[in-house]
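Undergrad: Submitted below is the structure of interest, expressed as structure tokens.
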Amino acid sequence: MASAIALAAVGEVGKGFIHERTSETLPCQATNKLFCWDWAGEHINRYETPTLQHLELVAISVVIGFVIAFALALLAHRHQWLQPPLLAGTGVLYTIPSVAFFFLLLPLTGRGMDTAIIALSAYTLQIIFRNTMIGFANVPRAVVDAARGMGQTDRQILWRVELPLAMPEIFAGLQVATVSTVAIATLAAFAGGGGLGEPILKGGISFKTNLIIAGGIAFLIAVSLGLILFAVQRFLTPWRRVRQAG
Amino acid sequence: MPSDELTQKAGASPVRYSGATKRYPGSAKAAVEDLTLEVPAGEICVLVGPSGCGKTTAMRMVNRTVEMTEGDIFIGEQSVRDRNPAQLRREIGYVIQQIGLFPHRTIAENIGAVPQLLGWKKERAAARGAELLALVGLDPDLADRYPAQLSGGQQQRVGVARALAADPLVMLMDEPFGAIDPINRERLQNEFLRLQAEIGKTVLFVTHDIDEAIKMGDRIAIMREGGKLAQYATPAELLMDPADEFVEDFVGADRALKRLALMRVSDIDLWEAPLAYVGQATGEVRAKLEGAEVPYPLLVDSERRPLGWLSGRDLAGEQVPARPDSPLGPLLDRDDVMRDALADLLQGESQYAAVVDHEGRIDGVLSVEIISEFLASPEAKTEEHSATERPHG
């Protein structure tokens with residue numbers, strides 16, 4: 001939703017850039033084929049910095065988002081009445097269109113990576129918070145009852161029972177949050193935050209080779225991070241891999 | 001030595017409810033009202049009653065997973081109110097219907113959960129775990145499995161082992177076998193009774209099933225709606241002399257039959273069988289039949305072990321033949337439960353069954369008639385009484 005609106009915005013803003021910025025005219029580029037291999041080979045190193053910036057944006061935003069959302073989830077787990085307002089609050093943040101969010105923040109935090117990270121972190125809150133709460137809710141009541149009945153304190157129940165058992169849902173949330181942050185981070189360029197949106201903006205959206213390379217790298221980042229998180233989750237939850245009895 | 005821990009019976013304390021009451025805010029009726037009863041050390045007390053009678057609440061007040069609002073409960077001499085709840089619970093075994101094993105922990109880790117909380121050394125906890133697996137009849141190879149890899153019956157055995165791990169003073173069992181299929185439930189009940197004979201814990205056992213209560217309980221506390229104690233008695237007393245109509249209804253119209261479940265064959269006066277030995281003169285045998293309670297002679301070997309029943313045709317010759325005309329039919333042990341003995345008789349479509357002692361020697365004969373006379377006797381069947389004669393309690 002947010003990205004759809006944002007993409008429309010790119011279209012509008014992009015029009016201005018194209019004529020100014022596509023001054024490098026190569027034969028292939030002129031005919032605007034789907035993919036110009038020669039051009040790609042010569043210019044691939046210009047994507048290095050945006051790629052690293054993109055990874056930085058995603059990593060920092062997801063870590064900050066996770067810390068905040070997880071702390072909120074622990075709070076709402078202990079004080080159940082906090083759940084609806086927190087869900088609503090993070091939900092509102094999630095519905096703000098990303099480009100609008102960047103422009104709203106500009107007067108406050110100026111152009112740059114910080115602004116981008118604030119917005120990107122805010123988008124992860126809803127997913128991570130909600131998934132962590134679902135994870136807690138899915139812990140079988142009987143297991144918690146048994147833990148309490150054998151003399152575990154509330155803190156022991158949280159760290160030894162509830163958190164490990166909520167891990168699959170927490171990781172699922174992290175996965176979705178990470179992948180979507182990789183996508184939304186391409187818009188950080190509007191806030192001067194760098195990342196893979198930068199070459200797209202500069203190169204113009206009508207130059208397909210540029211779009212495919214920048215978009216392809218973002219896609220690869222999203223898939224790799226998703227797979228890494230999946231692997232970590234599997235490693236941390238060995239009991240879920242066992243064959244069921246009967 | 002860990003093996004001493006299992007057999008020591010010193011590790012059991014009496015549990016005494018003293019006016020224990022639980023009221024939930026905003027509810028006019030108490031969940032448990034003024035409960036006073038004492039469970040002697042090493043006995044199984046079954047809390048039984050219809051749903052909503054407060055039996056589980058009554059049980060959970062002992063380990064303070066439900067806090068009572070008035071009264072007190074003592075384990076030994078100590079009030080549970082004076083204890084830190086978490087520390088108190090580590091000394092009380094806790095078994096629940098849904099078992100509640102930790103799905104993310106291996107069987108060994110599950111059993112070692114309380115020892116871990118108590119800060120036992122790893123070797124001690126591991127040794128104890130292996131011992132407990134054996135005690136509840138599980139393969140030691142299961143130690144490294146996860147709960148999801150075990151059957152329901154195996155999981156409940158692990159649940160019992162986990163509750164026993166730190167040798168608790170008291171065990172709380174909330175419908176522990178309620179979610180298990182009938183065949184395995186019976187097996188687990190028997191196993192637990194065998195185990196209890198060995199470890200002698202004080203057990204509070206909650207069930208809604210009166211048959212299970214009669215089978216498992218040394219004493220039964222029947223509770224009624226509003227958390228009131230209707231009667232606290234041994235199973236036999238309960239069946240013989242229900243305190244009021246509620247108890248009578250709850251125990252069921254077939255309580256005379258249920259009493260059979262509490263009796264052994266040796267508890268009843270058996271009939272004497274006219275015995276016949278191989279090669280004995282048939283005339284002697286016929287003489288024995290005169291006035292005998294059982295109209296057929298029972299063929300036994302020289303050790304008085306029953307071989308079969310002799311018919312009129314067998315006695316037609318001079319000597320008792322080695323092969324009797326009629327097979328032996330059901331053969332009972334003195335220690336068999338009466339209810340099972342009756343089932344054997346009915347299943348064998350037989351009027352009589354020979355009863356033997358531990359060496360297999362004939363002890364007497366049980367007949368359907370003996371049982372029906374017992375059921376009709378005032379000892380088994382208390383007189384029908386109307387509500388006016390016995391006020392509601």
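Following the order of the structure tokens, first chain is A, next is B, and so on, with residues numbered from 1 inside each chain and ligands from 1 in the order they appear.
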Could you find all residues in range 26-204 of chain B that DSSP calls strand (DSSP E) from the backbone, and write them as a PyMOL selection string?

TA: chain B and resi 32-39+44-48+70-75+78-79+92-96+170-174+202-204

Undergrad: Now that the selection is made, can you save its residues with N, CA and C atoms as a short mmCIF file (atom, residue, chain, number, x, y, z; two decimals), in the first residue's frame?

TA:
```cif
data_model
loop_
_atom_site.label_atom_id
_atom_site.label_comp_id
_atom_site.auth_asym_id
_atom_site.auth_seq_id
_atom_site.Cartn_x
_atom_site.Cartn_y
_atom_site.Cartn_z
N VAL B 32 -14.64 -22.20 46.55
CA VAL B 32 -14.43 -23.25 47.55
C VAL B 32 -14.84 -22.64 48.88
N GLU B 33 -15.72 -23.33 49.62
CA GLU B 33 -16.23 -22.73 50.84
C GLU B 33 -15.83 -23.53 52.08
N ASP B 34 -15.05 -22.89 52.91
CA ASP B 34 -14.76 -23.41 54.25
C ASP B 34 -14.38 -24.89 54.22
N LEU B 35 -13.38 -25.20 53.45
CA LEU B 35 -12.96 -26.60 53.30
C LEU B 35 -12.02 -26.98 54.44
N THR B 36 -12.43 -28.01 55.18
CA THR B 36 -11.60 -28.50 56.25
C THR B 36 -11.49 -30.01 56.11
N LEU B 37 -10.30 -30.48 55.87
CA LEU B 37 -10.08 -31.93 55.85
C LEU B 37 -8.59 -32.20 55.96
N GLU B 38 -8.26 -33.41 56.38
CA GLU B 38 -6.85 -33.75 56.53
C GLU B 38 -6.52 -34.99 55.72
N VAL B 39 -5.49 -34.88 54.93
CA VAL B 39 -5.01 -36.03 54.17
C VAL B 39 -3.77 -36.56 54.89
N ILE B 44 -3.54 -41.30 49.18
CA ILE B 44 -4.11 -40.62 48.03
C ILE B 44 -5.50 -40.12 48.40
N CYS B 45 -5.69 -38.81 48.32
CA CYS B 45 -7.01 -38.23 48.55
C CYS B 45 -7.55 -37.77 47.21
N VAL B 46 -8.70 -38.31 46.81
CA VAL B 46 -9.28 -37.91 45.53
C VAL B 46 -10.34 -36.84 45.77
N LEU B 47 -10.20 -35.72 45.09
CA LEU B 47 -11.23 -34.68 45.12
C LEU B 47 -12.11 -34.92 43.90
N VAL B 48 -13.38 -35.18 44.14
CA VAL B 48 -14.25 -35.55 43.03
C VAL B 48 -15.56 -34.78 43.14
N GLU B 70 -9.68 -16.98 52.45
CA GLU B 70 -9.78 -17.15 53.91
C GLU B 70 -9.27 -18.53 54.27
N GLY B 71 -9.00 -18.72 55.54
CA GLY B 71 -8.56 -20.03 56.01
C GLY B 71 -7.10 -20.28 55.72
N ASP B 72 -6.71 -21.55 55.85
CA ASP B 72 -5.30 -21.86 55.68
C ASP B 72 -5.15 -23.32 55.25
N ILE B 73 -3.99 -23.61 54.72
CA ILE B 73 -3.64 -24.99 54.38
C ILE B 73 -2.24 -25.25 54.94
N PHE B 74 -2.10 -26.39 55.59
CA PHE B 74 -0.81 -26.73 56.18
C PHE B 74 -0.24 -27.97 55.49
N ILE B 75 1.03 -27.88 55.15
CA ILE B 75 1.76 -29.07 54.70
C ILE B 75 2.67 -29.42 55.86
N GLN B 78 3.62 -26.60 58.48
CA GLN B 78 3.84 -25.26 57.95
C GLN B 78 2.69 -24.78 57.07
N SER B 79 2.29 -23.55 57.32
CA SER B 79 1.25 -22.95 56.50
C SER B 79 1.81 -22.58 55.13
N ILE B 92 6.48 -29.40 45.63
CA ILE B 92 5.19 -30.05 45.40
C ILE B 92 5.15 -30.53 43.95
N GLY B 93 4.96 -31.82 43.77
CA GLY B 93 4.84 -32.35 42.41
C GLY B 93 3.53 -31.89 41.78
N TYR B 94 3.57 -31.61 40.48
CA TYR B 94 2.38 -31.04 39.83
C TYR B 94 2.18 -31.74 38.50
N VAL B 95 1.06 -32.43 38.38
CA VAL B 95 0.74 -33.15 37.14
C VAL B 95 -0.62 -32.68 36.66
N ILE B 96 -0.72 -32.27 35.38
CA ILE B 96 -2.00 -31.78 34.88
C ILE B 96 -2.47 -32.60 33.70
N VAL B 170 4.55 -33.58 48.55
CA VAL B 170 3.14 -33.73 48.20
C VAL B 170 3.04 -33.73 46.68
N MET B 171 2.09 -34.49 46.15
CA MET B 171 1.84 -34.47 44.70
C MET B 171 0.43 -33.94 44.46
N LEU B 172 0.31 -33.02 43.50
CA LEU B 172 -1.00 -32.57 43.06
C LEU B 172 -1.22 -33.12 41.65
N MET B 173 -2.34 -33.81 41.44
CA MET B 173 -2.60 -34.39 40.13
C MET B 173 -4.00 -33.99 39.68
N ASP B 174 -4.05 -33.18 38.63
CA ASP B 174 -5.32 -32.63 38.16
C ASP B 174 -5.79 -33.42 36.94
N THR B 202 2.08 -38.23 49.60
CA THR B 202 0.75 -37.70 49.88
C THR B 202 0.25 -37.11 48.56
N VAL B 203 -0.88 -37.62 48.08
CA VAL B 203 -1.33 -37.21 46.75
C VAL B 203 -2.72 -36.59 46.84
N LEU B 204 -2.88 -35.44 46.22
CA LEU B 204 -4.22 -34.88 46.01
C LEU B 204 -4.53 -35.07 44.54
#
```

Undergrad: Contacts of Glu67 in chain B at 9 Å or less, counting only C-alpha atoms, minus same-chain residues fewer than 5 places along, as a list of chain:residue names?

TA: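 Using only C-alpha atoms, the neighbours found are B:Lys22, B:Arg60, B:Met61, B:Val62, B:Arg81.
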
Undergrad: Go through A:Val176, A:Val143, A:Ala40, A:Ile212 and flag the residue nearest chain B, using only C-alpha atoms for the distances.

TA: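 Under the stated criterion, the closest residue is A:Val143.
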
Undergrad: Hey, list the chain B side of the contact with chain A: 10 Å cut-off, only C-alpha atoms, answer as a PDB file with C-alpha atoms, in the first residue's frame.

TA:
```pdb
ATOM      1  CA  ARG B  60      -4.571 -25.467  43.396  1.00  0.00           C
ATOM      2  CA  ASN B  63       0.574 -24.805  45.731  1.00  0.00           C
ATOM      3  CA  ARG B  64      -0.899 -21.313  45.626  1.00  0.00           C
ATOM      4  CA  THR B  65      -1.494 -21.282  41.899  1.00  0.00           C
ATOM      5  CA  ASN B  84       7.391 -17.972  48.907  1.00  0.00           C
ATOM      6  CA  PRO B  85       5.083 -19.401  46.221  1.00  0.00           C
ATOM      7  CA  ALA B  86       7.823 -20.358  43.745  1.00  0.00           C
ATOM      8  CA  GLN B  87       9.881 -22.107  46.417  1.00  0.00           C
ATOM      9  CA  LEU B  88       6.802 -23.839  47.822  1.00  0.00           C
ATOM     10  CA  ARG B  89       5.913 -25.174  44.373  1.00  0.00           C
ATOM     11  CA  ARG B  90       9.343 -26.714  43.888  1.00  0.00           C
ATOM     12  CA  GLU B  91       8.568 -29.020  46.820  1.00  0.00           C
ATOM     13  CA  ILE B  92       5.191 -30.046  45.397  1.00  0.00           C
ATOM     14  CA  GLY B  93       4.837 -32.354  42.412  1.00  0.00           C
ATOM     15  CA  TYR B  94       2.380 -31.039  39.826  1.00  0.00           C
ATOM     16  CA  VAL B  95       0.740 -33.148  37.140  1.00  0.00           C
ATOM     17  CA  ILE B  96      -2.000 -31.776  34.885  1.00  0.00           C
ATOM     18  CA  GLN B  97      -4.367 -33.292  32.355  1.00  0.00           C
ATOM     19  CA  GLN B  98      -2.791 -31.554  29.359  1.00  0.00           C
ATOM     20  CA  ILE B  99       0.572 -32.753  30.688  1.00  0.00           C
ATOM     21  CA  GLY B 100       2.263 -29.474  29.743  1.00  0.00           C
ATOM     22  CA  LEU B 101       5.671 -30.892  28.900  1.00  0.00           C
ATOM     23  CA  PHE B 102       8.073 -28.287  27.544  1.00  0.00           C
ATOM     24  CA  PRO B 103       7.951 -28.922  23.786  1.00  0.00           C
ATOM     25  CA  HIS B 104      11.354 -27.297  23.284  1.00  0.00           C
ATOM     26  CA  ARG B 105      13.137 -29.392  25.871  1.00  0.00           C
ATOM     27  CA  THR B 106      14.173 -33.033  25.645  1.00  0.00           C
ATOM     28  CA  ALA B 113      13.351 -29.020  35.247  1.00  0.00           C
ATOM     29  CA  VAL B 114      12.715 -28.836  38.999  1.00  0.00           C
ATOM     30  CA  LEU B 117      15.460 -24.773  39.574  1.00  0.00           C
ATOM     31  CA  LEU B 118      16.775 -26.175  42.849  1.00  0.00           C
ATOM     32  CA  ARG B 145      13.837 -37.196  22.365  1.00  0.00           C
ATOM     33  CA  TYR B 146      11.464 -34.265  22.295  1.00  0.00           C
ATOM     34  CA  PRO B 147       7.941 -34.610  23.723  1.00  0.00           C
ATOM     35  CA  ALA B 148       6.360 -34.489  20.240  1.00  0.00           C
ATOM     36  CA  GLN B 149       8.100 -37.774  19.463  1.00  0.00           C
ATOM     37  CA  LEU B 150       6.297 -39.612  22.270  1.00  0.00           C
ATOM     38  CA  SER B 151       2.792 -41.058  22.451  1.00  0.00           C
ATOM     39  CA  GLY B 152       0.218 -39.559  24.813  1.00  0.00           C
ATOM     40  CA  GLY B 159       4.768 -35.822  33.321  1.00  0.00           C
ATOM     41  CA  ARG B 162       8.925 -34.758  36.115  1.00  0.00           C
ATOM     42  CA  ALA B 163       6.654 -34.178  39.104  1.00  0.00           C
ATOM     43  CA  LEU B 172      -0.997 -32.567  43.064  1.00  0.00           C
TER      44      LEU B 172
END
```

Undergrad: Write down as a VMD selection string the residues of range 40-229 of chain A whose backbone DSSP state falls under alpha helix (DSSP H).

TA: chain A and resid 40 to 43 48 to 78 83 to 95 98 to 109 113 to 138 141 to 149 154 to 156 163 to 184 197 to 203 208 to 229

Undergrad: May I have the residues within 9 Å of Tyr232 in chain B as a list in words, using only C-alpha atoms and disregarding those fewer than 5 positions away in the same chain?

TA: Leu37, Arg219, Ile220, Ala221, Ile222, Met223 and Leu238 of chain B

Undergrad: How many Å lie between CA of Gly364 in chain B and CA of Ala316 in chain B, rounded to one decimal?

TA: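 Answer for the CA of Gly364 in chain B to CA of Ala316 in chain B separation: 25.0 Å.
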
Undergrad: With only C-alpha atoms as the counted atoms, please give the residues lying no more than 12 Å from Ala231 in chain A, apart from itself and same-chain residues fewer than 6 positions off, as a PDB file with N, CA and C atoms, in the first residue's frame.

TA:
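Contents of the output file selection_17.pdb:
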```pdb
ATOM      1  N   PRO A 168       9.385 -19.017  16.614  1.00  0.00           N
ATOM      2  CA  PRO A 168       8.996 -19.113  15.199  1.00  0.00           C
ATOM      3  C   PRO A 168       8.206 -17.887  14.726  1.00  0.00           C
ATOM      4  N   PHE A 171      10.469 -14.752  14.580  1.00  0.00           N
ATOM      5  CA  PHE A 171      11.317 -14.770  13.401  1.00  0.00           C
ATOM      6  C   PHE A 171      10.517 -14.521  12.126  1.00  0.00           C
ATOM      7  N   ALA A 172       9.303 -15.052  12.084  1.00  0.00           N
ATOM      8  CA  ALA A 172       8.461 -14.793  10.917  1.00  0.00           C
ATOM      9  C   ALA A 172       8.249 -13.289  10.776  1.00  0.00           C
ATOM     10  N   GLN A 175      11.379 -11.622   9.548  1.00  0.00           N
ATOM     11  CA  GLN A 175      11.582 -11.919   8.136  1.00  0.00           C
ATOM     12  C   GLN A 175      10.762 -10.967   7.257  1.00  0.00           C
ATOM     13  N   SER A 224      18.302 -13.040   0.235  1.00  0.00           N
ATOM     14  CA  SER A 224      19.379 -13.567   1.084  1.00  0.00           C
ATOM     15  C   SER A 224      19.077 -13.353   2.558  1.00  0.00           C
ATOM     16  N   LEU A 225      18.665 -12.131   2.903  1.00  0.00           N
ATOM     17  CA  LEU A 225      18.383 -11.865   4.318  1.00  0.00           C
ATOM     18  C   LEU A 225      17.245 -12.751   4.802  1.00  0.00           C
ATOM     19  N   THR A 237      15.472 -23.492  16.795  1.00  0.00           N
ATOM     20  CA  THR A 237      14.287 -24.248  17.221  1.00  0.00           C
ATOM     21  C   THR A 237      14.388 -25.698  16.755  1.00  0.00           C
ATOM     22  N   PRO A 238      15.379 -26.424  17.289  1.00  0.00           N
ATOM     23  CA  PRO A 238      15.601 -27.799  16.810  1.00  0.00           C
ATOM     24  C   PRO A 238      14.408 -28.718  17.082  1.00  0.00           C
TER      25      PRO A 238
END
```

Undergrad: Need the shell around range 70-87 of chain A: protein/DNA/RNA residues with any atom at most 7 Å away, counting only C-alpha atoms. Skip same-chain ones fewer than 3 positions apart. Format as JSON, numbers by chain?

TA: {"A": [66, 67, 90, 91, 126, 129, 132, 133]}

Undergrad: Now that the selection is made, can you save its residues with C-alpha atoms as a short mmCIF file (atom, residue, chain, number, x, y, z; two decimals), in the first residue's frame?

TA:
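Saved the output as out.cif:
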```cif
data_model
loop_
_atom_site.label_atom_id
_atom_site.label_comp_id
_atom_site.auth_asym_id
_atom_site.auth_seq_id
_atom_site.Cartn_x
_atom_site.Cartn_y
_atom_site.Cartn_z
CA PHE A 66 13.13 -4.90 16.68
CA VAL A 67 14.48 -3.49 19.93
CA THR A 90 2.07 1.02 15.40
CA GLY A 91 -0.70 0.41 12.88
CA GLN A 126 3.76 -3.08 13.59
CA PHE A 129 5.15 -6.19 17.61
CA THR A 132 5.73 -11.27 18.93
CA MET A 133 2.32 -10.93 20.58
#
```

Undergrad: Near Ala134 in chain B, within 12 Å and counting only C-alpha atoms, which residues show up once chain neighbours fewer than 5 positions away are dropped, as a ChimeraX atom specification?

TA: /B:3,6,127-129,139-143,157-158,161,195
